Each structure stands twice: as structure tokens, then as C-alpha cells.
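Q: One structure follows; several queries about it will come next.
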Number of protein chains: 4
Amino acid sequence: MQDAHSEPTRDTNGKTKSTARRGRPVGDHKAKQAVLLKAAIAVIAKEGYAGASLRKVAKQAGYTTGAVTYYFANKEAMITAVAENLFDEFHALLEAGREHADLKAILEQWLEWTRTEDDAWLVLFQLLAHARHEPAFANILQQRYAGFRQIFTSILESGQSQGRIRRDIPADLLADQISAISDGWMMMFPLEPERFEPHRVQTLLDAAITMISPYPASGD
Amino acid sequence: MQDAHSEPTRDTNGKTKSTARRGRPVGDHKAKQAVLLKAAIAVIAKEGYAGASLRKVAKQAGYTTGAVTYYFANKEAMITAVAENLFDEFHALLEAGREHADLKAILEQWLEWTRTEDDAWLVLFQLLAHARHEPAFANILQQRYAGFRQIFTSILESGQSQGRIRRDIPADLLADQISAISDGWMMMFPLEPERFEPHRVQTLLDAAITMISPYPASGD
Amino acid sequence: MQDAHSEPTRDTNGKTKSTARRGRPVGDHKAKQAVLLKAAIAVIAKEGYAGASLRKVAKQAGYTTGAVTYYFANKEAMITAVAENLFDEFHALLEAGREHADLKAILEQWLEWTRTEDDAWLVLFQLLAHARHEPAFANILQQRYAGFRQIFTSILESGQSQGRIRRDIPADLLADQISAISDGWMMMFPLEPERFEPHRVQTLLDAAITMISPYPASGD
Amino acid sequence: MQDAHSEPTRDTNGKTKSTARRGRPVGDHKAKQAVLLKAAIAVIAKEGYAGASLRKVAKQAGYTTGAVTYYFANKEAMITAVAENLFDEFHALLEAGREHADLKAILEQWLEWTRTEDDAWLVLFQLLAHARHEPAFANILQQRYAGFRQIFTSILESGQSQGRIRRDIPADLLADQISAISDGWMMMFPLEPERFEPHRVQTLLDAAITMISPYPASGD
DNA sequence: CATGAATGAGGTTTCATTCAT
DNA sequence: AATGAATGAAACCTCATTCAT
């Protein structure tokens with residue numbers, strides 16, 4: 001996966017300016033943090049949020065107990081970092097798709113992603129379930145989701161202006177519906193994997209697209 | 001919800017100062033179990049699954065820790081009982097709605113329910129997130145969900161034959177989409193309550209109905 | 001196994017005098033107690049002392065929790081009753097053997113007994129290990145053991161006077177050694193059953209007899 | 001034995017009033033583990049296996065509950081460590097005695113040991129009683145005991161070749177008998193200490209030696 | 001007589017966190 | 001910069017015991 005720099009908002013000071021390594025190793029911090037992050041994702045995916053302890057994360061990463069609390073002030077800080085990381089990935093996906101303004105392509109890419117990095121959605125869902133009880137985290141989530149829906153909306157709007165998306169429902173409502181459907185699938189996917197084999201997923205996706213498309217001339 | 005003393009039969013005299021109530025009590029098993037169930041729901045809603053401990057449930061119900069494990073063999077047994085309970089309520093709702101075969105009415109009733117017993121959905125979502133790690137529980141869930149989708153499907157089928165539901169998408173796929181949308185809303189509701197105020201919910205609902213309805217003659 | 005009346009020292013009042021059953025069923029008490037005793041033995045044998053709970057005993061007997069504490073004032077009372085019961089059996093064995101004054105026969109019978117009712121020794125050993133921490137119980141044990149050693153001694157004495165037992169060691173010391181050997185075997189038997197298959201036990205027994213027998217004329 | 005403060009490195013200043021000692025401490029792992037081991041032995045000796053809780057061990061050592069489970073993964077791990085420790089001591093004793101090939105000396109040393117470190121045998125017996133229900137532990141025990149018997153056998157064999165041990169019974173059987181007698185004494189010692197005062201023990205020991213010695217020329 | 005609901009202490013274990021090194 | 005020993009609270013659960021029915 002992306003290395004430590006997938007997370008752009010951190011570390012604004014100049015410590016890393018000189019690429020020539022002098023004195024004590026620099027930059028390890030971010031790298032190690034990324035390793036721990038990955039371990040955290042793996043642990044949450046396997047054990048669920050409730051079963052994910054800092055100890056297990058440390059072990060999974062091959063680090064010591066102290067290291068985890070050294071790199072993350074808190075358990076919540078770690079969880080938050082995990083969430084930011086995942087959202088960043090998803091955001092990149094969306095942005096890439098926005099250029100083509102093709103919703104179907106985006107959803108397909110998204111499905112592809114969930115298949116490749118299947119841990120991601122598992123974890124995201126776990127975190128979502130606990131956001132309500134970690135206010136700081138809930139905040140992050142709201143903002144991210146708002147951003148996603150906005151992108152969706154803009155894509156749908158351009159789709160409407162091109163006649164590829166039905167116009168009788170406002171774009172923001174459609175974005176909400178699509179977003180909800182995606183979430184709903186994500187929610188069920190880990191529970192009933194057999195209901196989400198590739199072929200059926202394609203069918204579901206087609207049906208969703210049909211639901212937000214204008215009716216063909218013939219109508220029904 | 002009710003605070004710790006929602007259970008009224010306790011400690012009516014002053015004797016309990018040093019010797020707590022012992023021996024065979026009056027109430028019947030089912031009733032007390034229901035009290036504990038309700039307490040469990042309240043706790044899970046407030047603290048989330050990960051934060052819901054038997055201790056807290058006991059305290060919430062005004063019982064001792066031992067009492068909880070007396071009525072429920074396990075924590076998992078308790079959780080399972082909670083889930084069954086909630087599913088039963090939802091099932092009743094669905095069955096009642098099936099008679100009218102009116103999807104919109106059903107969804108509205110459901111929204112009404114989530115508003116009245118707001119804990120229910122909160123809890124269900126929490127449980128869903130943990131089902132993956134409690135196989136026995138996951139099983140229950142699958143069966144229940146399958147049942148719900150089947151009812152949805154039959155309602156949609158009759159809607160299709162009456163011309164109130166679009167026919168270009170098979171009923172079972174529509175049922176899946178509706179189910180996913182509901183889940184998606186349920187997922188976001190606790191995180192962004194302001195996005196789900198009554199008026200907006202009505203709008204969302206209308207949009208969803210529109211998406212599964214046949215196009216008006218005029219079309220777009 | 002013997003029914004409730006294997007235990008002769010209890011209930012000296014006349015409640016049971018009339019064999020004709022009148023009014024409320026009498027004698028059930030003893031019978032049920034015996035059932036519970038048997039269950040207790042089974043549980044201790046299977047789970048060890050530390051793992052033997054009144055609950056498990058109740059379940060094993062098919063009784064309720066309350067029944068156990070109804071028939072036995074205490075857990076310790078139950079344990080004590082179990083011990084008395086086992087000692088009674090062993091005492092009967094010894095007494096039967098005393099008549100023949102044949103130590104070898106006694107030991108063989110004893111081995112036979114341990115093989116038939118293998119739970120007995122397992123349990124006795126478990127109880128022994130805990131006697132030190134239950135003074136009342138330790139007391140019983142001392143008295144019983146003293147009795148056994150006395151019988152052993154008297155048998156050995158008569159053996160000595162008949163020239164079948166060596167005379168260079170006082171009978172009471174020999175009794176102690178034999179007693180210790182038996183205990184030692186009992187101690188190891190559950191741990192290394194393969195070391196105590198019938199044939200080897202016979203060999204061990206013969207060796208023990210040889211050790212307390214006078215030397216043959218030839219000597220070594 | 002030593003009371004709770006046998007561990008001297010603790011709390012040398014008054015700071016600990018409200019904030020207990022935290023962070024990386026000085027002592028070395030092995031030493032602290034040994035302290036806890038000793039505490040465990042003391043507790044088991046006093047309270048028996050069934051009554052020995054990790055909490056009590058922690059208190060006895062002056063540590064916290066968490067410390068105990070930090071040094072021993074499990075209760076069983078702790079028990080096992082205790083057993084290994086005791087067996088090691090006993091093994092050292094035996095090995096020391098093997099050089100002289102003098103069984104009587106060994107037994108006397110052993111008796112001396114049981115008198116000095118009286119907890120040792122008490123504990124060993126407690127553990128023995130529970131070995132049957134902890135298979136991993138039973139395994140350790142079997143191997144150790146087998147080793148002990150082998151040493152006994154070799155000593156007895158050399159005794160036989162020197163004419164100090166009777167030859168009409170194979171050495172391995174004699175070893176078994178001696179082993180059983182030791183175990184039998186160990187079993188009764190905590191229950192009837194008055195039967196095992198030094199003088200009588202000496203007498204018992206002499207009798208045992210006589211039983212495995214060749215008959216004097218005169219015979220009886 | 002006999003039950004079984006309920007207690008509350010105590011068991012083992014896991015955990016996030018701290019901090020001397 | 002990193003460690004890992006140690007903490008202490010809290011988790012789940014089991015248990016002997018009591019006593020209204």
C-alpha cells in the first residue's frame with residue numbers, strides 16, 4: 001500500500017528537508033507509524049473493534065508494547081489515524097473517478113477496491129459502528145462523508161446535464177441514495193459474502209444504475 | 001431511556017441496609033429477563049457494543065452482576081437475546097405491513113418506529129458490526145435478514161403486478177436495494193442525526209419510492 | 001453400590017422404626033442423600049476437588065441447586081459425608097479380610113476394589129490433599145487412618161506369631177510401611193496408569209509381601 | 001515463611017502514597033519471577049491448591065495482580081513453574097546423593113530437606129493431586145518421577161552388587177517400593193505431623209532400610 | 001419438603017497507560 | 001528514541017449460600 005505519505009496533513013515542519021541522511025536516522029518515524037497503522041488495520045479486520053487491543057497491534061507489527069503508545073498518544077489517536085488513512089485511500093479513488101464523471105466506472109472501481117483490499121471496508125465498518133462513542137472521531141467521519149457526498153453530487157449533476165442521470169430527483173438526494181446503498185452493501189458484505197459474489201454484485205450494480213438512469217423512450 | 005430504577009419491585013422496606021434481599025423472589029422469570037433485556041438495549045445504545053459490560057447492564061437494571069449471568073448464561077447469550085428481541089419487533093412491523101402490500105406505508109412505519117424506539121436501530125447496528133466475530137450470532141442474523149428480504153420481495157412483486165412498482169428490475173433485486181438503502185440510513189443516522197430530521201427523511205423516502213416506481217407517462 | 005444404609009452411625013432416633021410406610025414418605029431423605037453422595041463422588045473424580053462445585057453435583061444427580069444445600073448443610077459437610085462413605089467401604093473391606101488374617105488376600109481385594117470402583121481412590125486422594133485446610137475433615141481422617149493401621153497391625157501381629165511375617169520389625173512399623181506403600185501407589189495410580197497394569201501390580205504386590213516376609217531358610 | 005515484605009527493593013521513598021511506582025523498574029526479570037515463585041509456594045502451602053489464587057500470590061509477594069500475570073502467562077504456567085522449581089531442588093538432592101550411592105544417606109537428607117523447607121513437600125503433594133486434571137502438568141510430572149525412579153534404581157543396583165541391598169527383589173521394584181513409601185509418608189505428614197516427629201521418622205526410616213537389606217547371617 | 005431466584009465476593013485474565021531506564 | 005516492567009481497573013464468569021415461596 002502507499003507508504004507513510006498518503007497522509008498529507010501531518011508534519012509541517014522542516015525536519016525532513018534534507019534527503020541526504022545525516023546523523024540519526026530521520027523519517028523512520030513516519031515509516032514505523034505506517035507499519036503500525038497497517039498492523040492496526042489487520043488486527044481490527046480480524047478481531048473487530050472490540051477485540052482490537054494495542055497489544056495485539058504491537059505483536060502483529062512485531063513491535064513492543066511501548067512502541068505503539070510511543071507512536072500514537074492514545075488508542076483513540078491510533079484508531080483515528082487508521083480512519084484517516086482509509087478515508088484518504090477512498091478519497092483518492094473518488095477523485096480519480098471524478099475526472100471521467102462516470103458513476104458506473106466509479107462504483108466499479110470501488111467494488112474492485114473492496115475486493116483487492118478487502119480489509120479496508122471491514123475496518124471502516126467496524127470504526128463506523130463505534131464513531132458515535134468517540135466524538136472526535138465522529139467529527140472526522142462527518143466531514144469526510146460530507147466531502148464524499150459532495151463529489152457524488154457533482155458527478156451526478158454533470159450526469160444529469162448530459163442526460164445520463166434521471167432529472168426528476170435532485171442530484172443531492174440521488175447522491176444520498178447511492179451513498180446509502182453503498183453503505184448498506186458494505187454492511188452486509190462481511191456477513192453474507194456468498195450474496196456478494198462477483199456476478200451478483202454486477203447485477204446489483206446494474207440495477208442501481210438503472211434506478212438512477214432516465215427511463216428509456218419506451219418506458220414501462 | 002428510563003434510569004436505573006425502572007424496575008419498581010425492589011426494596012420496599014428499609015431492611016436491606018446490611019442484608020440484601022435474598023431467597024426466592026416473587027416475579028416471574030420472563031418478566032425479569034425482559035427487564036434485563038431492556039437494560040441491555042439501553043446500555044448498548046448508550047455505550048456501544050464494545051463498551052457494554054455485564055456490570056453496566058446490571059446496574060442499569062438495578063440488579064447485581066450475578067443476576068445478569070443468572071438470566072443469561074453468557075454475554076453472547078445476552079447479546080443474542082437482544083438481537084432476537086429486536087428482530088422480532090421488526091418482523092412484527094413487517095408482517096403488519098405486508099397485508100396492505102404498500103411499501104411506502106411500511107417504510108413510513110419503520111421510520112416512525114426508529115423515531116419512537118430510537119435505541120432499537122442503534123443497537124441493531126452495533127450488533128451487526130460484531131456479528132462477523134460471533135459466528136453463532138451471524139447465523140441468526142443471516143436467517144432473519146433473508147426472511148425480511150423475502151417479505152420485501154413478495155410485497156414488491158405484488159406491487160409490480162399492480163403496476164405500482166417498476167417492472168424492468170426483478171423484485172428480488174429491488175428488495176435488495178431497498179434493504180441496502182435502509183441499512184445505509186440506519187448506519188448514518190446515529191452519526192449525522194441532523195441529516196435525518198423528519199422533513200428530510202420524508203424527502204429521502206419519497207425519492208427512494210420514486211426510484212422504484214414506474215415512470216409517469218410523460219417521462220423524462 | 002450399597003444404598004443409603006452403608007453408613008451406620010447416623011440417625012439414632014426412632015423415626016425409621018416403623019417399616020410400614022405411613023403418612024409422608026419416610027426414608028427418602030437418606031436415599032436422596034445417597035444419590036447426591038454418589039453424584040459428588042463422580043464429580044470429584046472427574047473434575048478434582050478444586051473443580052467440584054455444588055452446582056455440578058446437583059446437575060450430575062439431576063437435582064436442583066437448593067436440594068444439595070438442603071441435604072447437606074455445607075459444602076464441607078458434603079465433602080465430609082463423601083469421605084465417611086468411602087472410608088466405610090474401605091473399612092468393610094478390611095474387616096472382611098481381618099477374619100482370614102491374610103495380608104496378601106487383603107491387599108489383593110483392595111486392588112480389586114480400586115479396579116472395580118476406580119472413582120473411590122481418585123476421590124479419596126483428592127480429599128486427602130485438602131484435608132489439611134479443613135480441620136474438621138482432617139480430624140475424621142486421622143481417626144479413620146488410625147483405625148486402619150490398627151487393623152493392619154493386628155493382622156501383622158497374628159502373622160508374626162504364625163511365622164508368616166518377619167519378626168525383626170515391630171508390627172506397627174510394618175503396618176505403617178504397608179500403609180505408606182498403599183498410599184504411594186494410590187497417589188501415582190491416576191497419574192501413571194500404564195505403570196499399574198494388572199500384571200505389574202501383581203509383581204509389585206508380591207515384592208511388597210516378600211519385603212515383609214521372613215527370609216527363607218536359605219537366606220541371601 | 002517470610003511475610004509479605006520479603007522483597008526488599010520496594011518503595012524506598014515516600015512518593016508512592018498516591019501515585020504507585022510505574023515505568024521501567026530496576027530489578028531483573030529472573031529475580032522477580034523467583035520472588036513470585038516463592039510467594040506462590042508459600043500460598044499453596046498455606047491455603048492448598050484450591051485456595052491458592054493469583055490475587056493471594058500477588059499480595060503475598062507485595063505485587064499487584066497484574067504483575068503476577070505479567071510474569072506468568074497463566075495460572076497454570078505459574079503452577080507449572082512452581083512444580084519445575086521444586087522438582088529441580090529435589091533432583092539436585094538426589095544427584096548429590098547418587099555419588100555416595102548410599103540410600104540411607106539420601107533418605108536422611110531428604111527427610112532433612114522436608115524439615116527445612118517444609119513448604120516444598122506440602123506444595124508438591126497439592127500439585128500432585130491436581131495433575132490429573134491438567135494434562136500438560138501431568139506430563140512434566142511423569143517425566144520427572146521416571147527420572148527419580150531411575151536414579152533410585154541405579155543406586156539400589158550398585159547397593160545390590162555391594163551386598164548392601166537384598167538381591168531377591170529386582171532393583172527397579174525396590175525403587176518403586178521406596179518411592180511409594182516416600183510418597184505415602186509425604187501424603188500423611190501434613191495430616192498427622194505428630195506421627196512424624198524426628199525420632200519416629202528415624203525409626204520408620206530404619207525399618208524401611210531393614211526391609212530392603214539382606215538378612216543378617218543369623219536370620220529370623 | 002424442596003425449590004430456584006438472587007446475591008456478592010472472588011476467581012482468572014486482558015487491557016490502556018505510565019515511566020525509569 | 002524506544003523499551004518493557006508494572007500498574008490497577010475492569011472485564012467475564014463461577015460459586016456457596018440464603019430464603020420467600
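Residue names in the C-alpha cells use chain letters A, B, ... in the order shown, residue numbers from 1 in each chain, and ligand numbers from 1 in the order shown.
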Name the residues in contact with region 134-146 of chain B at a cut-off of 10 Å, using only C-alpha atoms (C1' of nucleotides), excluding same-chain residues fewer than 6 positions from it; report them as a compact mmCIF listing (two decimals) with C-alpha atoms, in the first residue's frame.
A:
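Everything below was put into around_27.txt:
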# COMPACT_ATOMS: atom_id res chain seq x y z
CA MET A 188 -23.88 -6.88 4.67
CA PRO A 190 -18.89 -9.35 5.65
CA LEU A 191 -21.96 -11.17 6.95
CA GLU A 192 -23.20 -12.77 3.77
CA GLU B 76 -23.05 -13.72 24.00
CA ALA B 77 -26.32 -15.32 25.07
CA ILE B 79 -26.47 -10.25 23.07
CA THR B 80 -28.19 -12.91 21.06
CA ALA B 81 -31.34 -12.48 23.09
CA ALA B 83 -30.87 -9.32 18.76
CA GLU B 84 -33.71 -11.82 18.60
CA PHE B 87 -35.68 -8.71 15.09
CA ASP B 88 -38.97 -9.92 16.47
CA PHE B 90 -39.11 -5.55 13.29
CA HIS B 91 -40.62 -8.71 11.95
CA LEU B 127 -24.68 -5.86 16.86
CA LEU B 128 -24.33 -6.08 13.13
CA PHE B 152 -39.89 -7.26 0.83
CA SER B 179 -32.84 -3.22 2.10
Q: I need the chain A residues near chain E as a ChimeraX atom specification; criterion: at most 10 Å, counting only C-alpha atoms (C1' of nucleotides).
A: /A:53-55,66,69,73-75
Q: When DSSP works through the backbone of this structure, what residues of region 91-194 of chain D end up as helix (DSSP H, G or I), shown as a VMD selection string?
A: chain D and resid 91 to 100 103 to 116 118 to 131 135 to 161 171 to 188 193 to 194
Q: Taking 6 positions as the minimum chain separation for residues in the same chain, which residues sit within 10 Å of Thr203 (chain B) when counting only C-alpha atoms (C1' of nucleotides)? Answer as number ranges by chain.
A: A: 173; B: 196, 209
Q: Those same residues, written as a PDB file, in the first residue's frame with N, CA, C and O atoms?
A:
ATOM      1  N   LEU A 173     -30.062  14.314  -3.509  1.00  0.00           N
ATOM      2  CA  LEU A 173     -30.828  13.187  -2.964  1.00  0.00           C
ATOM      3  C   LEU A 173     -30.354  11.882  -3.579  1.00  0.00           C
ATOM      4  O   LEU A 173     -30.218  10.866  -2.892  1.00  0.00           O
TER       5      LEU A 173
ATOM      6  N   PHE B 196     -30.983  13.741   9.268  1.00  0.00           N
ATOM      7  CA  PHE B 196     -32.177  12.887   9.240  1.00  0.00           C
ATOM      8  C   PHE B 196     -33.329  13.455  10.045  1.00  0.00           C
ATOM      9  O   PHE B 196     -34.054  12.741  10.701  1.00  0.00           O
ATOM     10  N   ILE B 209     -38.876   5.956  -3.113  1.00  0.00           N
ATOM     11  CA  ILE B 209     -40.091   5.423  -3.733  1.00  0.00           C
ATOM     12  C   ILE B 209     -40.098   5.734  -5.226  1.00  0.00           C
ATOM     13  O   ILE B 209     -40.401   4.880  -6.066  1.00  0.00           O
TER      14      ILE B 209
END
